[in-house]
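Engineer: Dropping in upload_16.cif, with mmCIF, C-alpha atoms (C1' of nucleotides).
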```cif
data_model
#
loop_
_atom_site.label_atom_id
_atom_site.label_comp_id
_atom_site.auth_asym_id
_atom_site.auth_seq_id
_atom_site.Cartn_x
_atom_site.Cartn_y
_atom_site.Cartn_z
CA MET A 14 70.14 156.57 66.64
CA PRO A 15 70.29 152.78 66.58
CA ARG A 16 68.44 150.01 68.28
CA LYS A 17 68.76 149.12 71.93
CA PRO A 18 69.78 145.72 73.31
CA SER A 19 66.87 143.37 73.77
CA TYR A 20 68.10 142.02 77.10
CA ASP A 21 68.25 143.26 80.67
CA ARG A 22 71.93 143.41 81.48
CA ASP A 23 71.47 143.22 85.25
CA ALA A 24 69.23 140.19 84.92
CA LEU A 25 71.81 138.47 82.73
CA ILE A 26 74.53 139.12 85.29
CA ALA A 27 72.34 137.64 88.02
CA GLN A 28 71.69 134.54 85.92
CA ALA A 29 75.36 134.17 85.11
CA ARG A 30 76.20 134.57 88.79
CA ASP A 31 73.90 131.69 89.67
CA LEU A 32 75.49 129.48 87.02
CA PHE A 33 79.05 130.32 88.07
CA TRP A 34 78.13 130.03 91.74
CA GLN A 35 76.77 126.56 91.23
CA GLN A 36 79.20 125.12 88.71
CA GLY A 37 82.38 127.07 89.27
CA TRP A 38 84.65 128.76 86.76
CA ALA A 39 86.01 125.80 84.83
CA GLY A 40 82.72 123.97 85.22
CA THR A 41 80.76 126.60 83.33
CA SER A 42 81.34 126.67 79.59
CA LEU A 43 80.45 129.37 77.11
CA LYS A 44 77.84 127.01 75.77
CA ASP A 45 76.28 126.80 79.22
CA LEU A 46 76.21 130.57 79.48
CA GLU A 47 74.89 131.10 75.98
CA SER A 48 71.99 128.75 76.48
CA ALA A 49 71.20 129.99 80.00
CA LEU A 50 71.35 133.65 79.03
CA ASN A 51 69.84 132.99 75.61
CA LEU A 52 72.68 134.85 73.95
CA LYS A 53 74.63 133.94 70.83
CA PRO A 54 78.44 134.12 71.02
CA GLY A 55 78.56 137.43 69.18
CA SER A 56 76.09 139.10 71.52
CA PHE A 57 77.79 137.62 74.54
CA TYR A 58 81.16 139.05 73.64
CA ALA A 59 79.69 142.37 72.61
CA ALA A 60 77.97 142.62 75.97
CA PHE A 61 80.61 141.34 78.36
CA GLY A 62 83.93 141.05 76.54
CA SER A 63 84.97 137.67 77.91
CA LYS A 64 84.00 134.87 80.25
CA ASP A 65 86.38 136.19 82.88
CA ALA A 66 85.06 139.73 82.63
CA LEU A 67 81.53 138.49 83.20
CA TYR A 68 82.70 136.34 86.07
CA ALA A 69 84.27 139.40 87.69
CA LEU A 70 80.98 141.25 87.33
CA THR A 71 79.10 138.41 89.00
CA LEU A 72 81.61 138.32 91.86
CA GLU A 73 81.07 142.02 92.45
CA ARG A 74 77.32 141.62 92.38
CA TYR A 75 77.52 138.70 94.77
CA ALA A 76 79.76 140.50 97.23
CA GLN A 77 77.79 143.75 97.15
CA ASP A 78 74.52 141.94 97.79
CA GLY A 79 76.04 140.02 100.68
CA VAL A 80 77.39 143.06 102.47
CA ALA A 81 74.20 145.02 101.80
CA ARG A 82 72.02 142.27 103.26
CA LEU A 83 74.16 141.98 106.36
CA MET A 84 74.19 145.72 106.95
CA ALA A 85 70.45 145.96 106.40
CA MET A 86 69.93 143.32 109.06
CA ALA A 87 72.24 145.19 111.41
CA ASP A 88 70.31 148.41 110.90
CA GLU A 89 67.08 146.61 111.59
CA MET A 90 67.99 144.48 114.59
CA GLY A 91 71.34 145.71 115.86
CA PRO A 92 74.86 144.34 115.30
CA LEU A 93 74.88 141.34 117.60
CA ARG A 94 71.48 140.06 116.57
CA ALA A 95 72.45 140.45 112.94
CA LEU A 96 75.60 138.39 113.51
CA LYS A 97 73.52 135.76 115.28
CA ALA A 98 70.98 135.67 112.47
CA GLN A 99 73.51 135.51 109.64
CA PRO A 100 74.38 131.79 109.99
CA HIS A 101 70.74 130.86 109.66
CA VAL A 102 70.19 133.25 106.78
CA VAL A 103 73.04 132.01 104.62
CA ILE A 104 71.97 128.39 104.75
CA ASP A 105 68.24 128.94 104.74
CA GLU A 106 67.63 130.67 101.45
CA ARG A 107 65.87 128.22 99.22
CA GLU A 108 66.19 130.14 95.99
CA MET A 109 69.97 130.19 96.19
CA PRO A 110 71.77 128.06 93.61
CA ALA A 111 74.26 126.78 96.20
CA ARG A 112 74.84 126.98 99.93
CA ALA A 113 78.62 127.34 99.78
CA CYS A 114 80.03 130.84 99.45
CA MET A 115 80.75 131.77 95.84
CA LEU A 116 83.78 133.81 96.90
CA ALA A 117 85.24 130.87 98.76
CA LYS A 118 84.57 128.48 95.90
CA THR A 119 86.20 130.86 93.44
CA TYR A 120 89.20 131.37 95.68
CA ALA A 121 89.65 127.66 96.28
CA GLU A 122 89.38 126.84 92.61
CA LEU A 123 91.64 129.48 91.14
CA GLN A 124 94.09 130.62 93.80
CA SER A 125 96.69 127.98 93.04
CA LYS A 126 96.96 129.18 89.46
CA GLY A 127 97.38 132.81 90.41
CA HIS A 128 94.26 133.72 88.48
CA ASP A 129 93.09 137.34 88.70
CA LEU A 130 89.62 136.19 89.71
CA ALA A 131 91.04 134.52 92.81
CA ASP A 132 92.56 137.83 93.90
CA LYS A 133 89.26 139.57 93.32
CA ALA A 134 87.39 136.95 95.33
CA GLY A 135 89.99 137.33 98.07
CA CYS A 136 89.45 141.08 98.18
CA HIS A 137 85.71 140.64 98.44
CA MET A 138 86.19 138.18 101.29
CA ALA A 139 88.44 140.70 103.02
CA ASP A 140 85.68 143.31 102.63
CA MET A 141 83.19 140.92 104.17
CA LYS A 142 85.53 140.23 107.07
CA ALA A 143 85.84 143.98 107.60
CA SER A 144 82.06 144.25 107.73
CA PHE A 145 81.93 141.53 110.36
CA ALA A 146 84.61 143.36 112.34
CA THR A 147 82.60 146.58 112.15
CA LEU A 148 79.57 144.83 113.61
CA PHE A 149 81.61 143.20 116.38
CA ARG A 150 83.06 146.60 117.19
CA ARG A 151 79.62 148.18 117.36
CA ALA A 152 78.34 145.34 119.51
CA GLN A 153 81.26 145.89 121.83
CA GLN A 154 80.65 149.62 122.01
CA ALA A 155 77.01 148.88 122.81
CA GLY A 156 78.12 146.60 125.64
CA GLU A 157 76.60 143.54 124.00
CA ILE A 158 79.91 141.69 124.17
CA GLY A 159 82.77 141.96 126.63
CA PRO A 160 85.42 144.68 126.22
CA ASP A 161 88.36 142.27 126.22
CA HIS A 162 87.80 140.82 122.77
CA ASP A 163 89.57 141.92 119.61
CA PRO A 164 86.87 142.63 117.01
CA ASP A 165 89.20 141.76 114.13
CA ARG A 166 90.06 138.42 115.63
CA LEU A 167 86.42 137.70 116.36
CA ALA A 168 85.59 138.60 112.78
CA ALA A 169 88.23 136.27 111.35
CA ARG A 170 87.02 133.35 113.46
CA TYR A 171 83.40 134.15 112.72
CA GLN A 172 83.98 134.32 108.99
CA SER A 173 85.90 131.07 109.09
CA ASP A 174 82.99 129.44 110.90
CA ILE A 175 80.52 130.78 108.35
CA LEU A 176 82.61 129.46 105.47
CA GLY A 177 82.74 126.04 107.09
CA LEU A 178 79.03 126.14 107.82
CA ARG A 179 78.15 126.98 104.25
CA LEU A 180 80.35 124.23 102.92
CA SER A 181 78.84 121.78 105.41
CA ALA A 182 75.37 122.85 104.35
CA GLU A 183 76.01 121.36 100.92
CA ARG A 184 76.26 117.91 102.47
CA ARG A 185 73.36 115.59 103.02
CA ASP A 186 74.82 113.91 106.07
CA VAL A 187 75.21 117.15 108.03
CA ASN A 188 72.55 118.99 109.99
CA ALA A 189 73.57 122.53 109.09
CA VAL A 190 70.84 124.12 111.20
CA GLU A 191 72.37 122.67 114.35
CA ILE A 192 75.77 124.04 113.39
CA ALA A 193 74.24 127.46 112.72
CA GLU A 194 72.58 127.38 116.12
CA ASP A 195 75.88 126.51 117.76
CA ILE A 196 77.72 129.30 115.96
CA ALA A 197 75.06 131.79 117.03
CA ALA A 198 75.09 130.46 120.58
CA ASP A 199 78.84 131.01 120.81
CA LEU A 200 78.25 134.74 120.33
CA ASP A 201 76.29 134.85 123.59
CA ARG A 202 79.34 133.73 125.49
CA LEU A 203 81.47 136.69 124.43
CA MET B 22 108.22 86.29 82.55
CA PRO B 23 108.16 89.89 81.26
CA ARG B 24 109.51 93.17 82.44
CA LYS B 25 108.27 95.11 85.47
CA PRO B 26 107.03 98.69 85.43
CA SER B 27 109.78 101.22 85.88
CA TYR B 28 107.80 103.42 88.25
CA ASP B 29 106.71 103.26 91.89
CA ARG B 30 102.93 103.20 91.73
CA ASP B 31 102.42 104.49 95.27
CA ALA B 32 104.78 107.38 94.67
CA LEU B 33 102.93 108.29 91.48
CA ILE B 34 99.62 108.28 93.33
CA ALA B 35 101.08 110.59 95.97
CA GLN B 36 102.36 112.96 93.31
CA ALA B 37 99.06 112.94 91.50
CA ARG B 38 97.28 113.59 94.79
CA ASP B 39 99.38 116.68 95.37
CA LEU B 40 98.62 117.97 91.89
CA PHE B 41 94.89 117.35 92.17
CA TRP B 42 94.81 118.70 95.71
CA GLN B 43 96.41 121.93 94.59
CA GLN B 44 94.79 122.49 91.21
CA GLY B 45 91.49 120.66 91.45
CA TRP B 46 89.87 118.23 89.05
CA ALA B 47 89.20 120.45 86.07
CA GLY B 48 92.33 122.45 86.74
CA THR B 49 94.61 119.46 86.29
CA SER B 50 95.00 118.26 82.72
CA LEU B 51 96.38 115.01 81.44
CA LYS B 52 99.35 116.97 80.18
CA ASP B 53 99.98 118.24 83.71
CA LEU B 54 99.84 114.71 85.05
CA GLU B 55 101.99 113.23 82.31
CA SER B 56 104.76 115.75 82.83
CA ALA B 57 104.57 115.61 86.64
CA LEU B 58 104.54 111.81 86.77
CA ASN B 59 106.89 111.52 83.79
CA LEU B 60 104.48 109.14 82.10
CA LYS B 61 103.43 109.01 78.44
CA PRO B 62 99.72 108.74 77.69
CA GLY B 63 99.93 105.04 76.95
CA SER B 64 101.65 104.20 80.23
CA PHE B 65 99.30 106.45 82.13
CA TYR B 66 96.20 104.69 80.88
CA ALA B 67 97.77 101.25 81.25
CA ALA B 68 98.56 102.07 84.87
CA PHE B 69 95.43 103.91 86.02
CA GLY B 70 92.70 103.54 83.41
CA SER B 71 91.51 107.12 83.40
CA LYS B 72 91.95 110.52 84.99
CA ASP B 73 88.91 109.95 87.18
CA ALA B 74 90.12 106.53 88.31
CA LEU B 75 93.44 108.01 89.39
CA TYR B 76 91.64 110.88 91.11
CA ALA B 77 89.59 108.35 93.07
CA LEU B 78 92.78 106.60 94.15
CA THR B 79 94.28 109.88 95.33
CA LEU B 80 91.11 110.67 97.30
CA GLU B 81 91.33 107.32 99.04
CA ARG B 82 94.97 107.83 99.85
CA TYR B 83 94.29 111.33 101.16
CA ALA B 84 91.40 110.20 103.35
CA GLN B 85 93.19 107.15 104.72
CA ASP B 86 96.25 109.19 105.65
CA GLY B 87 94.11 111.81 107.36
CA VAL B 88 92.21 109.35 109.54
CA ALA B 89 95.38 107.41 110.32
CA ARG B 90 97.21 110.53 111.43
CA LEU B 91 94.34 111.62 113.68
CA MET B 92 94.01 108.21 115.28
CA ALA B 93 97.74 107.97 115.80
CA MET B 94 97.64 111.30 117.64
CA ALA B 95 94.72 110.07 119.73
CA ASP B 96 96.61 106.92 120.70
CA GLU B 97 99.60 108.96 121.67
CA MET B 98 98.02 111.84 123.59
CA GLY B 99 94.40 110.88 124.23
CA PRO B 100 91.21 111.89 122.39
CA LEU B 101 90.71 115.44 123.64
CA ARG B 102 94.31 116.50 123.22
CA ALA B 103 94.30 115.04 119.72
CA LEU B 104 91.21 117.05 118.84
CA LYS B 105 92.85 120.18 120.25
CA ALA B 106 96.04 119.53 118.31
CA GLN B 107 94.36 118.78 114.99
CA PRO B 108 93.58 122.40 114.02
CA HIS B 109 97.21 123.35 114.39
CA VAL B 110 98.42 120.26 112.59
CA VAL B 111 96.27 120.70 109.48
CA ILE B 112 97.42 124.26 108.84
CA ASP B 113 100.98 123.87 109.97
CA GLU B 114 102.37 121.30 107.59
CA ARG B 115 104.74 123.09 105.28
CA GLU B 116 105.22 120.32 102.77
CA MET B 117 101.53 120.16 101.97
CA PRO B 118 100.54 121.40 98.52
CA ALA B 119 97.51 123.26 99.88
CA ARG B 120 95.97 124.10 103.22
CA ALA B 121 92.34 123.57 102.22
CA CYS B 122 90.93 120.08 102.54
CA MET B 123 91.15 118.12 99.31
CA LEU B 124 87.87 116.35 100.06
CA ALA B 125 86.08 119.64 100.56
CA LYS B 126 87.58 121.13 97.41
CA THR B 127 86.56 118.10 95.40
CA TYR B 128 83.07 118.12 96.83
CA ALA B 129 82.61 121.84 96.21
CA GLU B 130 83.88 121.58 92.64
CA LEU B 131 81.96 118.53 91.47
CA GLN B 132 78.87 118.12 93.61
CA SER B 133 76.67 120.32 91.47
CA LYS B 134 77.30 118.13 88.44
CA GLY B 135 76.48 114.92 90.26
CA HIS B 136 79.97 113.62 89.57
CA ASP B 137 80.91 110.27 91.09
CA LEU B 138 84.03 111.78 92.61
CA ALA B 139 81.91 114.22 94.62
CA ASP B 140 80.03 111.32 96.16
CA LYS B 141 83.30 109.60 96.99
CA ALA B 142 84.68 112.76 98.59
CA GLY B 143 81.44 113.08 100.54
CA CYS B 144 81.78 109.54 101.86
CA HIS B 145 85.34 110.18 102.95
CA MET B 146 84.22 113.35 104.75
CA ALA B 147 81.52 111.33 106.48
CA ASP B 148 84.17 108.84 107.58
CA MET B 149 86.26 111.67 108.96
CA LYS B 150 83.25 113.06 110.81
CA ALA B 151 82.67 109.61 112.31
CA SER B 152 86.28 109.54 113.49
CA PHE B 153 85.81 112.90 115.17
CA ALA B 154 82.63 111.61 116.82
CA THR B 155 84.48 108.57 118.10
CA LEU B 156 87.10 110.77 119.74
CA PHE B 157 84.48 113.04 121.28
CA ARG B 158 82.72 109.95 122.63
CA ARG B 159 85.93 108.64 124.13
CA ALA B 160 86.70 112.01 125.65
CA GLN B 161 83.26 112.05 127.18
CA GLN B 162 83.67 108.55 128.56
CA ALA B 163 86.97 109.63 130.05
CA GLY B 164 85.25 112.58 131.71
CA GLU B 165 87.29 115.10 129.73
CA ILE B 166 84.12 116.81 128.48
CA GLY B 167 80.71 117.14 130.07
CA PRO B 168 78.16 114.33 129.78
CA ASP B 169 75.40 116.50 128.31
CA HIS B 170 76.92 116.92 124.85
CA ASP B 171 75.98 114.88 121.79
CA PRO B 172 79.25 113.56 120.30
CA ASP B 173 77.80 113.46 116.80
CA ARG B 174 76.71 117.08 117.00
CA LEU B 175 80.05 118.11 118.42
CA ALA B 176 81.77 116.24 115.59
CA ALA B 177 79.69 117.96 112.91
CA ARG B 178 80.41 121.41 114.34
CA TYR B 179 84.07 120.58 114.85
CA GLN B 180 84.48 119.31 111.30
CA SER B 181 82.75 122.39 109.95
CA ASP B 182 85.14 124.58 111.92
CA ILE B 183 88.12 122.66 110.61
CA LEU B 184 86.93 123.00 107.02
CA GLY B 185 86.50 126.75 107.50
CA LEU B 186 89.88 127.02 109.17
CA ARG B 187 91.64 125.21 106.36
CA LEU B 188 89.98 127.37 103.77
CA SER B 189 90.86 130.50 105.75
CA ALA B 190 94.44 129.31 106.00
CA GLU B 191 94.80 129.71 102.22
CA ARG B 192 94.28 133.45 102.60
CA ARG B 193 97.02 135.96 103.19
CA ASP B 194 94.89 138.39 105.16
CA VAL B 195 93.86 135.84 107.78
CA ASN B 196 95.86 134.73 110.82
CA ALA B 197 94.96 131.06 110.74
CA VAL B 198 96.97 130.25 113.85
CA GLU B 199 94.72 132.48 115.93
CA ILE B 200 91.64 130.76 114.56
CA ALA B 201 93.16 127.35 115.30
CA GLU B 202 93.87 128.47 118.86
CA ASP B 203 90.29 129.64 119.27
CA ILE B 204 88.87 126.38 117.93
CA ALA B 205 91.06 124.41 120.32
CA ALA B 206 90.16 126.71 123.21
CA ASP B 207 86.46 126.09 122.59
CA LEU B 208 87.00 122.42 123.38
CA ASP B 209 88.02 123.32 126.94
CA ARG B 210 84.61 124.83 127.55
CA LEU B 211 82.74 121.59 126.87
"C1'" DG C 29 120.40 83.22 72.00
"C1'" DG C 30 115.31 82.76 71.10
"C1'" DC C 31 110.77 83.61 72.58
"C1'" DT C 32 107.10 85.47 75.09
"C1'" DT C 33 105.06 89.00 77.56
"C1'" DT C 34 104.71 93.36 79.23
"C1'" DC C 35 105.96 98.15 79.33
"C1'" DT C 36 107.02 102.38 76.70
"C1'" DT C 37 106.42 105.57 73.13
"C1'" DG C 38 104.15 109.35 70.60
"C1'" DA C 39 101.38 110.47 66.75
"C1'" DG C 40 96.89 111.44 66.45
"C1'" DC C 41 91.63 110.67 67.42
"C1'" DG C 42 86.98 113.25 67.89
"C1'" DA C 43 85.07 116.47 71.04
"C1'" DT C 44 84.99 120.57 73.28
"C1'" DC C 45 87.21 124.84 74.78
"C1'" DA C 46 86.97 130.22 74.62
"C1'" DC C 47 86.42 133.20 71.11
"C1'" DT C 48 86.00 135.87 66.23
"C1'" DC C 49 83.88 138.06 62.47
"C1'" DA C 50 81.35 139.02 58.43
"C1'" DA C 51 76.76 139.14 57.00
"C1'" DG C 52 71.97 140.04 58.15
"C1'" DT C 53 68.38 142.52 60.86
"C1'" DA C 54 66.00 145.92 63.42
"C1'" DT C 55 65.51 150.62 65.25
"C1'" DA C 56 66.10 155.60 66.10
"C1'" DT C 57 67.00 159.96 63.70
"C1'" DA C 58 66.29 163.01 59.83
"C1'" DT D 1 60.89 156.91 53.75
"C1'" DA D 2 65.98 156.84 53.65
"C1'" DT D 3 70.01 156.35 56.18
"C1'" DA D 4 73.04 155.44 59.82
"C1'" DT D 5 74.04 152.75 63.67
"C1'" DA D 6 73.89 149.50 66.49
"C1'" DC D 7 72.43 144.58 67.79
"C1'" DT D 8 71.87 139.59 66.32
"C1'" DT D 9 73.27 135.57 64.19
"C1'" DG D 10 75.94 131.22 63.61
"C1'" DA D 11 79.48 129.13 61.04
"C1'" DG D 12 84.02 128.61 61.98
"C1'" DT D 13 88.93 129.72 64.25
"C1'" DG D 14 93.10 127.40 66.47
"C1'" DA D 15 94.03 125.33 70.79
"C1'" DT D 16 93.41 122.03 74.13
"C1'" DC D 17 90.65 118.42 76.25
"C1'" DG D 18 90.74 113.18 77.71
"C1'" DC D 19 92.00 109.29 75.54
"C1'" DT D 20 93.47 105.33 71.91
"C1'" DC D 21 96.44 102.26 69.64
"C1'" DA D 22 99.91 100.25 66.85
"C1'" DA D 23 104.70 99.83 66.76
"C1'" DG D 24 109.08 99.41 69.22
"C1'" DA D 25 111.97 98.36 73.39
"C1'" DA D 26 113.20 95.70 77.36
"C1'" DA D 27 113.01 92.08 80.85
"C1'" DG D 28 112.11 87.14 82.51
"C1'" DC D 29 112.14 82.01 81.17
"C1'" DC D 30 113.77 78.28 78.25
#
```
As a first step, turn the structure in this file into structure tokens.
Structural biologist:
Amino acid sequence: MPRKPSYDRDALIAQARDLFWQQGWAGTSLKDLESALNLKPGSFYAAFGSKDALYALTLERYAQDGVARLMAMADEMGPLRALKAQPHVVIDEREMPARACMLAKTYAELQSKGHDLADKAGCHMADMKASFATLFRRAQQAGEIGPDHDPDRLAARYQSDILGLRLSAERRDVNAVEIAEDIAADLDRL
Amino acid sequence: MPRKPSYDRDALIAQARDLFWQQGWAGTSLKDLESALNLKPGSFYAAFGSKDALYALTLERYAQDGVARLMAMADEMGPLRALKAQPHVVIDEREMPARACMLAKTYAELQSKGHDLADKAGCHMADMKASFATLFRRAQQAGEIGPDHDPDRLAARYQSDILGLRLSAERRDVNAVEIAEDIAADLDRL
DNA sequence: GGCTTTCTTGAGCGATCACTCAAGTATATA
DNA sequence: TATATACTTGAGTGATCGCTCAAGAAAGCC
């Protein structure tokens, strides 16, 4: 019957994700989004409902892509090598709008206010931690790491290290590559 | 000649620091500050000049206190034991308004906009990293860690781990004490 | 007490916030 | 081509943002 939208919804979500990732929730205004997505207010609200609803979509996209990339690496090179590669991958990507983790930034910004988006970011981080734990468990079953380690504990420490690494990678006075090397090297001692 | 202010400036700065620390820069409005500090707009601006100027004061206070506490621990128990205690200390304090590092939160929130406060937070983080490096150097000179390590590199990795730990400690699904133990245990292998 | 000087008060400034909605436009069906 | 059905547009909503300033209140010195 009627006309179709003139935009690519997935592409808009990706653009919005990059904006939110870089500037945060409060730091990104509707005006910013409208000009970046080339959408007038009416179209924006028809397409996404609200700023928060779009933010939630971008969080989902971000988290899904992250888990998918990690698991693809694990399929290609095995669990331990994927875990050793991950630190380098997350700080190396040049096209990324920010080095710091978008989930962590969201959680840090909004958790104190009890915002729904903080809970969602927290859930996505928990999913990511579970993925790390799965890989540690597989590495253990494959004999790549010793049998005495608790995969869940390893995953929590590893994720914490990655979060710190990614935050450090935003700084000019820090050599993030060295930190990534050290995190990866620690996995050889397990 | 005239009357004195009815407030304790240092106490107000500490209160403002706690608010900013918890809620962030954009997340803390003048109304929040006025009601928390019990100050009307006129008094607020007479005392501090602007929201950003007060924020800068709170950053300074936060950073000074952090370095002072670390160095006091080092004087009391030696450099290596201080570095091993620090992870537990930063996540253990119950009266703190947030576990995550205020400098890191500030930097993450404002760096992408080139805000002055992000630069200031970055400088304070660099100072903290230098303090860590000093302690690693002293520990090395005392023979507490091997002579083949670069204290600056150790400090960068250690600070990154601490930042990750403090961010993780905000989460309910993470056992931050275990991570702190693991970070401290790593120092014994140096 | 009289005077000076500062602190305190709170109404209100322009700008920006997220968001709405009615009018106009373009497209797919018939 | 005519009609129905969306999509597009942008002026405009009330609320809140950081901040100003003139008037009033209080404390130190004579």
Engineer: Translate the PyMOL selection byres ((chain C and resi 44-55) around 9), as applied to the file shown, into an explicit residue set as a ChimeraX atom specification.
Structural biologist: /A:14-17,42-43,54-55,58,63-64 /C:43,56 /D:5-9,12-13,15-17
Engineer: Once the PyMOL selection byres ((chain A and resi 120) around 9) is applied to the coordinates I shared, what remains selected? I want it as an NGL selection string.
Structural biologist: (:A and (115-119 or 121-125 or 130-135)) or (:B and (191-192))
Engineer: Near chain A, meaning an atom within 9 Å, which residues of chain B appear when counting only C-alpha atoms? Write them as a VMD selection string.
Structural biologist: chain B and resid 43 to 45 47 to 48 119 121 125 to 126 128 to 134 143 147 174 to 175 177 to 178 180 to 189 191 to 197 199 to 201 203 to 204
Engineer: Evaluate the PyMOL selection byres ((chain A and resi 201) around 12) on the structure here and hand back the selected residues as a list in words.
Structural biologist: Leu93, Arg94, Leu96, Lys97, Ala152, Glu157, Ile158, Gly159, Glu194, Asp195, Ile196, Ala197, Ala198, Asp199, Leu200, Arg202 and Leu203 of chain A
Engineer: Take atom CA of A:Asp88 and atom CA of A:Ala168 and report the distance between them in Å, one decimal.
Structural biologist: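 Between atom CA of A:Asp88 and atom CA of A:Ala168 the gap is 18.3 Å.
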Engineer: Residues of chain D no more than 10 Å from chain B, counting all atoms listed in the file: send them over as a compact mmCIF listing (two decimals) with C-alpha atoms (C1' of nucleotides), keeping the file's coordinate frame.
Structural biologist:
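As a result, selection-v4.txt now contains:
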```
# COMPACT_ATOMS: atom_id res chain seq x y z
C1' DT D 16 93.41 122.03 74.13
C1' DC D 17 90.65 118.42 76.25
C1' DG D 18 90.74 113.18 77.71
C1' DC D 19 92.00 109.29 75.54
C1' DT D 20 93.47 105.33 71.91
C1' DC D 21 96.44 102.26 69.64
C1' DA D 26 113.20 95.70 77.36
C1' DA D 27 113.01 92.08 80.85
C1' DG D 28 112.11 87.14 82.51
C1' DC D 29 112.14 82.01 81.17
```
Engineer: For chain B, work out the contacting residues on chain C at 9 Å, counting only C-alpha atoms (C1' of nucleotides), and write them as a list in words.
Structural biologist: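 Close enough to count are DT32, DT33, DT34, DC35, DT36, DT37 and DG38 of chain C.
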